[in-house]
Each structure stands twice: as structure tokens, then as C-alpha cells.
file final37.cif (mmCIF, C-alpha atoms and all ligand atoms)
data_entry
#
loop_
_atom_site.group_PDB
_atom_site.id
_atom_site.type_symbol
_atom_site.label_atom_id
_atom_site.label_comp_id
_atom_site.auth_asym_id
_atom_site.auth_seq_id
_atom_site.Cartn_x
_atom_site.Cartn_y
_atom_site.Cartn_z
ATOM 1 C CA MET Q 1 13.104 33.094 18.922
ATOM 2 C CA SER Q 2 13.089 29.401 19.605
ATOM 3 C CA ASP Q 3 9.810 28.075 20.976
ATOM 4 C CA ILE Q 4 10.263 25.582 23.821
ATOM 5 C CA ARG Q 5 6.722 24.283 23.336
ATOM 6 C CA LYS Q 6 7.633 22.980 19.922
ATOM 7 C CA GLY Q 7 8.970 19.458 19.537
ATOM 8 C CA ILE Q 8 12.531 18.737 18.482
ATOM 9 C CA ILE Q 9 13.350 17.755 14.925
ATOM 10 C CA LEU Q 10 15.954 15.041 15.353
ATOM 11 C CA VAL Q 11 17.765 14.133 12.150
ATOM 12 C CA VAL Q 12 19.529 10.769 12.359
ATOM 13 C CA SER Q 13 21.791 10.049 9.401
ATOM 14 C CA GLY Q 14 24.152 7.164 9.001
ATOM 15 C CA PRO Q 15 25.938 5.333 6.222
ATOM 16 C CA ALA Q 16 24.478 2.063 4.944
ATOM 17 C CA GLY Q 17 25.057 -0.578 7.611
ATOM 18 C CA SER Q 18 25.277 1.902 10.506
ATOM 19 C CA GLY Q 19 22.282 0.238 12.120
ATOM 20 C CA LYS Q 20 20.166 3.382 12.082
ATOM 21 C CA GLY Q 21 17.047 1.356 11.290
ATOM 22 C CA THR Q 22 17.466 -0.686 14.482
ATOM 23 C CA VAL Q 23 18.313 2.309 16.664
ATOM 24 C CA ASN Q 24 15.450 4.380 15.308
ATOM 25 C CA ARG Q 25 12.995 1.511 15.747
ATOM 26 C CA VAL Q 26 13.805 1.360 19.462
ATOM 27 C CA LEU Q 27 13.398 5.128 19.817
ATOM 28 C CA ARG Q 28 10.164 5.030 17.851
ATOM 29 C CA ASN Q 29 8.712 2.177 19.934
ATOM 30 C CA SER Q 30 9.627 3.979 23.164
ATOM 31 C CA GLY Q 31 6.795 6.428 22.480
ATOM 32 C CA GLU Q 32 9.117 9.412 23.057
ATOM 33 C CA PHE Q 33 9.368 10.179 19.369
ATOM 34 C CA GLU Q 34 7.163 10.248 16.351
ATOM 35 C CA PHE Q 35 8.825 8.929 13.228
ATOM 36 C CA SER Q 36 8.681 10.541 9.827
ATOM 37 C CA VAL Q 37 7.888 7.916 7.188
ATOM 38 C CA SER Q 38 9.611 8.964 3.969
ATOM 39 C CA ARG Q 39 8.434 8.485 0.437
ATOM 40 C CA THR Q 40 10.769 6.561 -1.843
ATOM 41 C CA THR Q 41 10.885 5.234 -5.367
ATOM 42 C CA ARG Q 42 13.109 2.347 -4.185
ATOM 43 C CA LYS Q 43 11.542 -1.128 -4.202
ATOM 44 C CA PRO Q 44 10.720 -2.633 -0.769
ATOM 45 C CA ARG Q 45 13.256 -4.998 0.801
ATOM 46 C CA PRO Q 46 11.948 -8.279 2.202
ATOM 47 C CA GLY Q 47 10.006 -7.541 5.388
ATOM 48 C CA GLU Q 48 9.567 -3.822 4.729
ATOM 49 C CA VAL Q 49 6.013 -2.591 5.143
ATOM 50 C CA ASP Q 50 4.440 0.148 3.027
ATOM 51 C CA GLY Q 51 3.336 3.062 5.217
ATOM 52 C CA SER Q 52 5.561 1.986 8.103
ATOM 53 C CA ASP Q 53 9.121 1.719 6.728
ATOM 54 C CA TYR Q 54 8.447 3.915 3.718
ATOM 55 C CA PHE Q 55 5.635 4.996 1.469
ATOM 56 C CA PHE Q 56 6.741 3.192 -1.688
ATOM 57 C CA VAL Q 57 5.765 5.300 -4.697
ATOM 58 C CA SER Q 58 6.442 5.442 -8.425
ATOM 59 C CA HIS Q 59 8.673 8.123 -9.958
ATOM 60 C CA GLU Q 60 5.502 9.771 -11.352
ATOM 61 C CA GLU Q 61 3.871 9.907 -7.914
ATOM 62 C CA PHE Q 62 7.073 11.280 -6.382
ATOM 63 C CA ASP Q 63 7.076 14.092 -8.963
ATOM 64 C CA GLU Q 64 3.440 14.890 -8.149
ATOM 65 C CA TYR Q 65 4.253 15.373 -4.442
ATOM 66 C CA LEU Q 66 7.223 17.483 -5.446
ATOM 67 C CA LYS Q 67 5.082 19.747 -7.603
ATOM 68 C CA ALA Q 68 2.530 20.044 -4.785
ATOM 69 C CA GLY Q 69 5.326 21.278 -2.436
ATOM 70 C CA ASP Q 70 4.803 18.427 0.022
ATOM 71 C CA PHE Q 71 8.457 17.679 0.758
ATOM 72 C CA LEU Q 72 10.318 19.234 3.671
ATOM 73 C CA GLU Q 73 13.429 17.956 1.887
ATOM 74 C CA TYR Q 74 14.219 15.375 -0.757
ATOM 75 C CA ASN Q 75 17.198 13.783 -2.416
ATOM 76 C CA GLU Q 76 18.345 11.262 -4.957
ATOM 77 C CA TYR Q 77 20.470 8.497 -3.457
ATOM 78 C CA CYS Q 78 22.096 5.766 -5.546
ATOM 79 C CA GLY Q 79 19.604 6.331 -8.362
ATOM 80 C CA GLU Q 80 16.407 6.402 -6.249
ATOM 81 C CA CYS Q 81 14.399 9.353 -4.867
ATOM 82 C CA TYR Q 82 13.709 9.828 -1.163
ATOM 83 C CA GLY Q 83 11.788 12.636 0.545
ATOM 84 C CA THR Q 84 10.247 13.722 3.861
ATOM 85 C CA PRO Q 85 6.519 14.542 3.729
ATOM 86 C CA ARG Q 86 6.271 18.158 4.908
ATOM 87 C CA SER Q 87 2.759 18.279 6.347
ATOM 88 C CA TYR Q 88 3.193 15.416 8.836
ATOM 89 C CA ALA Q 89 6.519 16.689 10.219
ATOM 90 C CA GLU Q 90 5.140 20.212 10.706
ATOM 91 C CA LYS Q 91 2.022 18.925 12.472
ATOM 92 C CA VAL Q 92 4.041 16.797 14.917
ATOM 93 C CA VAL Q 93 6.493 19.555 15.860
ATOM 94 C CA GLU Q 94 3.725 22.127 16.330
ATOM 95 C CA SER Q 95 1.959 19.717 18.712
ATOM 96 C CA GLY Q 96 5.088 19.676 20.926
ATOM 97 C CA LYS Q 97 6.217 16.151 20.111
ATOM 98 C CA ASN Q 98 9.704 15.204 18.950
ATOM 99 C CA ILE Q 99 10.117 13.724 15.497
ATOM 100 C CA ILE Q 100 12.907 11.580 14.032
ATOM 101 C CA LEU Q 101 13.916 12.040 10.403
ATOM 102 C CA GLU Q 102 16.084 9.187 9.163
ATOM 103 C CA ILE Q 103 17.569 10.912 6.137
ATOM 104 C CA ASP Q 104 20.845 11.269 4.280
ATOM 105 C CA VAL Q 105 23.419 14.076 4.405
ATOM 106 C CA ASN Q 106 21.879 16.131 1.590
ATOM 107 C CA GLY Q 107 18.476 15.998 3.253
ATOM 108 C CA ALA Q 108 20.008 16.917 6.618
ATOM 109 C CA GLU Q 109 21.569 20.009 5.061
ATOM 110 C CA GLN Q 110 18.218 21.112 3.627
ATOM 111 C CA VAL Q 111 16.484 20.616 6.986
ATOM 112 C CA LYS Q 112 19.179 22.595 8.851
ATOM 113 C CA ARG Q 113 18.801 25.470 6.389
ATOM 114 C CA GLN Q 114 15.029 25.625 6.856
ATOM 115 C CA CYS Q 115 14.934 24.733 10.558
ATOM 116 C CA PRO Q 116 18.203 25.840 12.234
ATOM 117 C CA GLU Q 117 16.963 24.533 15.589
ATOM 118 C CA ALA Q 118 16.907 20.941 14.241
ATOM 119 C CA VAL Q 119 19.376 18.583 15.949
ATOM 120 C CA LEU Q 120 21.585 16.606 13.581
ATOM 121 C CA VAL Q 121 23.059 13.275 14.695
ATOM 122 C CA MET Q 122 25.413 11.124 12.626
ATOM 123 C CA LEU Q 123 25.331 7.449 13.584
ATOM 124 C CA LEU Q 124 28.485 5.578 12.602
ATOM 125 C CA PRO Q 125 29.569 1.944 12.681
ATOM 126 C CA PRO Q 126 32.780 1.520 14.707
ATOM 127 C CA SER Q 127 34.869 1.456 11.506
ATOM 128 C CA PHE Q 128 34.706 1.311 7.724
ATOM 129 C CA ALA Q 129 35.853 -2.330 7.799
ATOM 130 C CA GLU Q 130 33.003 -3.245 10.146
ATOM 131 C CA GLN Q 131 30.538 -1.377 7.932
ATOM 132 C CA GLU Q 132 31.610 -3.421 4.913
ATOM 133 C CA ARG Q 133 31.230 -6.662 6.900
ATOM 134 C CA ARG Q 134 27.717 -5.696 8.003
ATOM 135 C CA LEU Q 135 26.618 -4.847 4.472
ATOM 136 C CA ARG Q 136 27.837 -8.171 3.118
ATOM 137 C CA ASP Q 137 26.306 -10.137 6.018
ATOM 138 C CA ARG Q 138 22.964 -8.388 5.475
ATOM 139 C CA GLY Q 139 22.845 -9.923 2.000
ATOM 140 C CA THR Q 140 19.982 -7.700 0.805
ATOM 141 C CA GLU Q 141 21.943 -5.807 -1.869
ATOM 142 C CA THR Q 142 23.765 -6.891 -4.996
ATOM 143 C CA GLU Q 143 27.564 -6.516 -5.074
ATOM 144 C CA ASP Q 144 27.156 -3.499 -7.350
ATOM 145 C CA LYS Q 145 24.831 -1.770 -4.841
ATOM 146 C CA ILE Q 146 27.123 -2.592 -1.910
ATOM 147 C CA LEU Q 147 30.058 -0.966 -3.690
ATOM 148 C CA LYS Q 148 27.929 2.093 -4.553
ATOM 149 C CA ARG Q 149 26.910 2.472 -0.911
ATOM 150 C CA LEU Q 150 30.474 2.123 0.339
ATOM 151 C CA LYS Q 151 31.610 4.756 -2.154
ATOM 152 C CA GLN Q 152 28.773 6.981 -0.975
ATOM 153 C CA THR Q 153 30.083 6.711 2.603
ATOM 154 C CA GLU Q 154 33.309 8.479 1.642
ATOM 155 C CA LYS Q 155 31.273 11.447 0.372
ATOM 156 C CA GLU Q 156 29.049 11.425 3.448
ATOM 157 C CA LEU Q 157 31.962 11.526 5.887
ATOM 158 C CA GLN Q 158 33.401 14.560 4.133
ATOM 159 C CA ARG Q 159 30.349 16.455 5.385
ATOM 160 C CA LEU Q 160 30.479 15.537 9.050
ATOM 161 C CA ASP Q 161 30.878 19.193 10.045
ATOM 162 C CA LEU Q 162 27.211 19.720 9.331
ATOM 163 C CA TYR Q 163 26.293 17.509 12.282
ATOM 164 C CA ASP Q 164 25.866 18.528 15.919
ATOM 165 C CA TYR Q 165 26.637 15.077 17.349
ATOM 166 C CA ILE Q 166 28.379 11.845 16.367
ATOM 167 C CA VAL Q 167 27.202 8.582 17.915
ATOM 168 C CA TYR Q 168 28.965 5.232 17.406
ATOM 169 C CA ASN Q 169 26.854 2.134 17.041
ATOM 170 C CA SER Q 170 29.125 -0.740 18.047
ATOM 171 C CA THR Q 171 28.133 -4.235 17.039
ATOM 172 C CA GLY Q 172 25.826 -5.806 19.604
ATOM 173 C CA GLU Q 173 25.643 -2.580 21.624
ATOM 174 C CA SER Q 174 22.886 -0.616 19.926
ATOM 175 C CA ASP Q 175 21.356 0.043 23.371
ATOM 176 C CA LYS Q 176 24.329 2.350 24.072
ATOM 177 C CA ALA Q 177 23.682 4.293 20.865
ATOM 178 C CA VAL Q 178 20.016 4.609 21.842
ATOM 179 C CA ALA Q 179 21.006 5.888 25.306
ATOM 180 C CA ASP Q 180 23.369 8.443 23.729
ATOM 181 C CA ILE Q 181 20.627 9.787 21.477
ATOM 182 C CA ARG Q 182 18.168 10.003 24.381
ATOM 183 C CA ALA Q 183 20.797 11.952 26.357
ATOM 184 C CA ILE Q 184 21.346 14.328 23.443
ATOM 185 C CA VAL Q 185 17.640 15.140 23.230
ATOM 186 C CA ARG Q 186 17.417 15.610 26.987
ATOM 187 C CA ALA Q 187 20.340 18.038 26.927
ATOM 188 C CA GLU Q 188 18.888 19.900 23.945
ATOM 189 C CA ARG Q 189 15.657 20.482 25.887
ATOM 190 C CA CYS Q 190 17.733 22.319 28.526
ATOM 191 C CA SER Q 191 19.912 24.211 26.054
ATOM 192 C CA ARG Q 192 20.016 27.992 26.159
ATOM 193 C CA ARG Q 193 19.094 28.217 22.471
ATOM 194 C CA ARG Q 194 15.788 26.479 23.254
ATOM 195 C CA ASN Q 195 15.166 28.554 26.361
ATOM 196 C CA THR Q 196 15.724 32.030 24.997
ATOM 197 C CA ASP Q 197 13.081 33.588 27.272
ATOM 198 C CA ALA Q 198 14.119 31.820 30.507
ATOM 199 C CA GLU Q 199 14.748 35.056 32.454
ATOM 200 C CA ILE Q 200 11.391 36.562 31.454
ATOM 201 C CA LYS Q 201 9.616 33.402 32.566
ATOM 202 C CA TYR Q 202 11.688 33.235 35.763
ATOM 203 C CA PHE Q 203 10.673 36.675 37.001
ATOM 204 C CA ALA Q 204 7.090 36.303 35.869
ATOM 205 C CA LYS Q 205 6.495 33.256 38.069
ATOM 206 C CA ASN Q 206 5.094 33.633 41.601
HETATM 207 P P1 LIG Y 301 17.732 2.893 2.212
HETATM 208 O O1 LIG Y 301 17.530 2.638 0.755
HETATM 209 O O2 LIG Y 301 18.917 2.142 2.757
HETATM 210 O O3 LIG Y 301 16.494 2.672 3.039
HETATM 211 O O4 LIG Y 301 18.097 4.437 2.372
HETATM 212 C C1 LIG Y 301 19.134 5.006 1.612
HETATM 213 C C2 LIG Y 301 19.497 6.362 2.171
HETATM 214 O O5 LIG Y 301 18.424 7.289 1.993
HETATM 215 C C3 LIG Y 301 19.794 6.359 3.677
HETATM 216 O O6 LIG Y 301 20.921 7.161 3.899
HETATM 217 C C4 LIG Y 301 18.554 6.975 4.259
HETATM 218 O O7 LIG Y 301 18.820 7.613 5.506
HETATM 219 C C5 LIG Y 301 18.191 7.970 3.200
HETATM 220 N N1 LIG Y 301 16.804 8.410 3.265
HETATM 221 C C6 LIG Y 301 15.706 7.713 3.627
HETATM 222 N N2 LIG Y 301 14.625 8.485 3.577
HETATM 223 C C7 LIG Y 301 15.035 9.715 3.196
HETATM 224 C C8 LIG Y 301 14.378 10.963 2.976
HETATM 225 O O8 LIG Y 301 13.176 11.116 3.148
HETATM 226 N N3 LIG Y 301 15.153 11.996 2.571
HETATM 227 C C9 LIG Y 301 16.483 11.880 2.387
HETATM 228 N N4 LIG Y 301 17.150 12.971 2.013
HETATM 229 N N5 LIG Y 301 17.147 10.736 2.577
HETATM 230 C C10 LIG Y 301 16.422 9.658 2.987
#
call {"tool": "encode", "arguments": {"input": "final37.cif", "output": "C-alpha cells"}}
result
Amino acid sequence: MSDIRKGIILVVSGPAGSGKGTVNRVLRNSGEFEFSVSRTTRKPRPGEVDGSDYFFVSHEEFDEYLKAGDFLEYNEYCGECYGTPRSYAEKVVESGKNIILEIDVNGAEQVKRQCPEAVLVMLLPPSFAEQERRLRDRGTETEDKILKRLKQTEKELQRLDLYDYIVYNSTGESDKAVADIRAIVRAERCSRRRNTDAEIKYFAKN
């Protein structure tokens, strides 16, 4: 039975250049959501802060956490490892707060298997052409990495069926994407699957 007192696990995936970092930052700063900081073996991009954007770790350290069972899910993406620390996510949800996991399709699948009540959102740029433009304008990746990430997008979109919701993040309108995600969470709170004991509670009240 689903427990309404528990927080919602909100998985937000999106291909490179979907703007998920920006959207998630707004949601995180709103105070309505906790944010799961992943561990990665990837090197920090300019401006990224250890412990806030990611916990940047070596491959050896990543393996240690893996052996200790402290990943809710993990995946290799374009040659680097990424994983969600298990203990933090469990603590947040038990305390009744919502948590955002900004993870890829493989990770989303693992989370859904373990926590079927998780809500999976795919954030998409308005089109593939716009995605490519954004990646090139960002200028943080080499041409080789950009091509790898675009190729990866084709694989990701083949697995859209896994997701409960699709949200478009149009250029210059990320506030609309944020509003859509807020609405999704609000609706989920009222969903029957999260209120399985509504009739018992209804008759028990004075
Ligand atoms: P980036 O290198 O652009 O920060 O992230 C690359 C991809 O890895 C993105 O799709 C991002 O959502 C995903 N990612 C980030 N953290 C995690 C994680 O903890 N687990 C999984 N499975 N994917 C992650």
C-alpha cells in the first residue's frame, strides 16, 4: 500500500541540452523539493561545485560505494559512472519530503523497478535541431562528446514509454516547464494510487 505520508520520488530525465539543470535548480531553490546530489567520475565543468552539482569521485571511490551497496541506482553514460546515493534519498522520502533525481533513462528504469510509486518525467527540448544548437552554443563539450550525446538521445527517446509524463522546455520559457512539473506533483499527491486508504480515513474522521 502506498503511504501518503512519504515524499514523492520525482525522476527528471532529459537529453543533453534539455535544460534540466536550469529547471531543477528553480525547483530546488523553491524549497518544495530536496535534490539528490549524484556521485560521478566525470570531471567538473567550469562553475560546477563539488557537493552541490555532484560529488566528484574517482573510479576507485565509485567502486567502493558500489561494493558498500550505497547506490539506489547507477549507470555508465558516455564512458563515465553516475549514481544516486541510497541513504540520503531514503531519509528524505521517509521524512515526507519530495526529492528530485536528475538521472538518465537507465537509472530511471532501476528506480521504477525498486520504487513503483516514483514519478518519472522526461524533459525535452522543443526539437532535435534545437537540442543540437543548444549543445553547440553551450561550448562546454568537445565535438566528439557533442556527437556522442546526440547519438545517445536517439537511444533515450526509444524508451519514452517508461515515463509517466513528458514536459517540453522551450527556449526562454523554462518557467512553463517548471510550472508543468509543479502541477504534475500536485496532481500526484491527489492520485488514487497515493490515497489507497481514503475511504477508511473518510469514515474514521469525526
Ligand atoms: P552530465 O554529465 O551532463 O551532468 O550528465 C550526463 C547524464 O547522466 C545526464 O543524462 C544525467 O541526467 C545523468 N545522471 C546524472 N546523475 C546521475 C545518476 O546519479 N544516475 C544516473 N543513472 N544518471 C545520472
call {"tool": "resolve_selection", "arguments": {"input": "final37.cif", "expression": "the PyMOL selection byres (((not hetatm)) within 6 of (chain Y and resi 301))", "output": "JSON, numbers by chain"}}
result
{"Q": [13, 15, 16, 38, 74, 75, 77, 82, 83, 84, 102, 103, 104, 106, 107]}
call {"tool": "closest_residue", "arguments": {"input": "final37.cif", "among": "Q:Arg182, Q:Gln114, Q:Thr140, Q:Gly69", "to": "Glu48 (chain Q)", "atoms": "all atoms listed in the file"}}
result
Q:Thr140
call {"tool": "residues_near_point", "arguments": {"input": "final37.cif", "point": "(26.0, 8.5, 9.6)", "cutoff": "12 Å", "atoms": "only C-alpha atoms", "output": "JSON, numbers by chain"}}
result
{"Q": [11, 12, 13, 14, 15, 16, 17, 18, 19, 20, 21, 102, 103, 104, 105, 106, 108, 120, 121, 122, 123, 124, 125, 126, 127, 128, 131, 152, 153, 154, 155, 156, 157, 158, 159, 160, 161, 162, 163, 164, 165, 166, 167, 168, 169]}
call {"tool": "residues_around", "arguments": {"input": "final37.cif", "residues": "region 51-62 of chain Q", "least_positions_apart": "2", "cutoff": "6 Å", "atoms": "only C-alpha atoms", "output": "list in words"}}
result
Val37, Ser38, Arg39, Thr40, Thr41, Glu48, Val49, Glu64 and Tyr65 of chain Q
call {"tool": "closest_residue", "arguments": {"input": "final37.cif", "among": "Q:Val178, Q:Cys190, Q:Val111, Q:Ile184", "to": "Asn29 (chain Q)", "atoms": "all atoms listed in the file"}}
result
Q:Val178
call {"tool": "closest_residue", "arguments": {"input": "final37.cif", "among": "Q:Arg189, Q:Lys43, Q:Arg136, Q:Arg28", "to": "Ile8 (chain Q)", "atoms": "all atoms listed in the file"}}
result
Q:Arg189
call {"tool": "closest_residue", "arguments": {"input": "final37.cif", "among": "Q:Val23, Q:Ile181, Q:Leu72, Q:Ile200", "to": "Glu109 (chain Q)", "atoms": "all atoms listed in the file"}}
result
Q:Leu72
call {"tool": "closest_residue", "arguments": {"input": "final37.cif", "among": "Q:Leu150, Q:Val185, Q:Ala177, Q:Ile9", "to": "Val93 (chain Q)", "atoms": "all atoms listed in the file"}}
result
Q:Ile9
call {"tool": "atom_distance", "arguments": {"input": "final37.cif", "atom1": "CA of Arg25 (chain Q)", "atom2": "CA of Gly79 (chain Q)"}}
result
25.5 Å
call {"tool": "build_atoms", "arguments": {"input": "final37.cif", "residues": "region 136-147 of chain Q", "atoms": "all heavy atoms", "output": "mmCIF file, in the frame of the given file"}}
result
data_model
loop_
_atom_site.group_PDB
_atom_site.id
_atom_site.type_symbol
_atom_site.label_atom_id
_atom_site.label_comp_id
_atom_site.auth_asym_id
_atom_site.auth_seq_id
_atom_site.Cartn_x
_atom_site.Cartn_y
_atom_site.Cartn_z
ATOM 1 N N ARG Q 136 27.753 -6.873 3.795
ATOM 2 C CA ARG Q 136 27.837 -8.171 3.118
ATOM 3 C C ARG Q 136 27.016 -9.222 3.875
ATOM 4 O O ARG Q 136 26.324 -10.029 3.279
ATOM 5 C CB ARG Q 136 29.285 -8.617 2.975
ATOM 6 C CG ARG Q 136 30.052 -7.714 2.044
ATOM 7 C CD ARG Q 136 31.387 -8.265 1.628
ATOM 8 N NE ARG Q 136 32.159 -7.226 0.968
ATOM 9 C CZ ARG Q 136 31.937 -6.782 -0.254
ATOM 10 N NH1 ARG Q 136 30.984 -7.326 -0.987
ATOM 11 N NH2 ARG Q 136 32.655 -5.806 -0.768
ATOM 12 N N ASP Q 137 27.067 -9.166 5.216
ATOM 13 C CA ASP Q 137 26.306 -10.137 6.018
ATOM 14 C C ASP Q 137 24.806 -9.947 5.829
ATOM 15 O O ASP Q 137 24.044 -10.902 5.899
ATOM 16 C CB ASP Q 137 26.646 -9.998 7.512
ATOM 17 C CG ASP Q 137 28.051 -10.509 7.810
ATOM 18 O OD1 ASP Q 137 28.670 -11.084 6.891
ATOM 19 O OD2 ASP Q 137 28.539 -10.310 8.947
ATOM 20 N N ARG Q 138 24.395 -8.686 5.632
ATOM 21 C CA ARG Q 138 22.964 -8.388 5.475
ATOM 22 C C ARG Q 138 22.410 -9.118 4.253
ATOM 23 O O ARG Q 138 21.282 -9.616 4.278
ATOM 24 C CB ARG Q 138 22.805 -6.865 5.343
ATOM 25 C CG ARG Q 138 21.408 -6.373 5.295
ATOM 26 C CD ARG Q 138 21.309 -4.920 5.734
ATOM 27 N NE ARG Q 138 21.496 -3.997 4.617
ATOM 28 C CZ ARG Q 138 21.471 -2.668 4.724
ATOM 29 N NH1 ARG Q 138 21.303 -2.103 5.896
ATOM 30 N NH2 ARG Q 138 21.643 -1.897 3.675
ATOM 31 N N GLY Q 139 23.212 -9.152 3.190
ATOM 32 C CA GLY Q 139 22.845 -9.923 2.000
ATOM 33 C C GLY Q 139 21.599 -9.443 1.268
ATOM 34 O O GLY Q 139 20.986 -10.208 0.535
ATOM 35 N N THR Q 140 21.194 -8.181 1.480
ATOM 36 C CA THR Q 140 19.982 -7.700 0.805
ATOM 37 C C THR Q 140 20.303 -6.939 -0.479
ATOM 38 O O THR Q 140 19.413 -6.668 -1.261
ATOM 39 C CB THR Q 140 19.143 -6.771 1.726
ATOM 40 O OG1 THR Q 140 19.996 -5.746 2.245
ATOM 41 C CG2 THR Q 140 18.516 -7.542 2.871
ATOM 42 N N GLU Q 141 21.581 -6.583 -0.676
ATOM 43 C CA GLU Q 141 21.943 -5.807 -1.869
ATOM 44 C C GLU Q 141 22.865 -6.603 -2.781
ATOM 45 O O GLU Q 141 23.622 -7.466 -2.305
ATOM 46 C CB GLU Q 141 22.665 -4.523 -1.456
ATOM 47 C CG GLU Q 141 21.742 -3.327 -1.366
ATOM 48 C CD GLU Q 141 21.225 -3.121 0.041
ATOM 49 O OE1 GLU Q 141 21.743 -3.744 0.974
ATOM 50 O OE2 GLU Q 141 20.285 -2.344 0.188
ATOM 51 N N THR Q 142 22.825 -6.270 -4.051
ATOM 52 C CA THR Q 142 23.765 -6.891 -4.996
ATOM 53 C C THR Q 142 25.156 -6.306 -4.740
ATOM 54 O O THR Q 142 25.286 -5.252 -4.108
ATOM 55 C CB THR Q 142 23.363 -6.547 -6.448
ATOM 56 O OG1 THR Q 142 23.362 -5.119 -6.568
ATOM 57 C CG2 THR Q 142 22.000 -7.085 -6.803
ATOM 58 N N GLU Q 143 26.187 -6.973 -5.262
ATOM 59 C CA GLU Q 143 27.564 -6.516 -5.074
ATOM 60 C C GLU Q 143 27.714 -5.076 -5.593
ATOM 61 O O GLU Q 143 28.358 -4.236 -4.962
ATOM 62 C CB GLU Q 143 28.517 -7.474 -5.806
ATOM 63 C CG GLU Q 143 29.988 -7.135 -5.693
ATOM 64 C CD GLU Q 143 30.532 -7.167 -4.253
ATOM 65 O OE1 GLU Q 143 29.897 -7.778 -3.374
ATOM 66 O OE2 GLU Q 143 31.583 -6.541 -4.026
ATOM 67 N N ASP Q 144 27.080 -4.823 -6.739
ATOM 68 C CA ASP Q 144 27.156 -3.499 -7.350
ATOM 69 C C ASP Q 144 26.610 -2.428 -6.397
ATOM 70 O O ASP Q 144 27.203 -1.367 -6.201
ATOM 71 C CB ASP Q 144 26.352 -3.541 -8.663
ATOM 72 C CG ASP Q 144 26.339 -2.191 -9.338
ATOM 73 O OD1 ASP Q 144 27.433 -1.634 -9.502
ATOM 74 O OD2 ASP Q 144 25.236 -1.694 -9.680
ATOM 75 N N LYS Q 145 25.456 -2.738 -5.775
ATOM 76 C CA LYS Q 145 24.831 -1.770 -4.841
ATOM 77 C C LYS Q 145 25.682 -1.590 -3.586
ATOM 78 O O LYS Q 145 25.795 -0.492 -3.050
ATOM 79 C CB LYS Q 145 23.417 -2.241 -4.457
ATOM 80 C CG LYS Q 145 22.411 -2.063 -5.588
ATOM 81 C CD LYS Q 145 21.168 -1.336 -5.131
ATOM 82 C CE LYS Q 145 20.463 -0.737 -6.344
ATOM 83 N NZ LYS Q 145 19.101 -1.089 -6.507
ATOM 84 N N ILE Q 146 26.273 -2.675 -3.112
ATOM 85 C CA ILE Q 146 27.123 -2.592 -1.910
ATOM 86 C C ILE Q 146 28.286 -1.647 -2.186
ATOM 87 O O ILE Q 146 28.578 -0.742 -1.396
ATOM 88 C CB ILE Q 146 27.646 -3.991 -1.486
ATOM 89 C CG1 ILE Q 146 26.489 -4.831 -0.936
ATOM 90 C CG2 ILE Q 146 28.762 -3.873 -0.442
ATOM 91 C CD1 ILE Q 146 26.839 -6.261 -0.602
ATOM 92 N N LEU Q 147 28.911 -1.818 -3.348
ATOM 93 C CA LEU Q 147 30.058 -0.966 -3.690
ATOM 94 C C LEU Q 147 29.638 0.495 -3.817
ATOM 95 O O LEU Q 147 30.343 1.391 -3.357
ATOM 96 C CB LEU Q 147 30.722 -1.464 -4.977
ATOM 97 C CG LEU Q 147 31.425 -2.828 -4.856
ATOM 98 C CD1 LEU Q 147 32.012 -3.262 -6.188
ATOM 99 C CD2 LEU Q 147 32.524 -2.787 -3.787
#
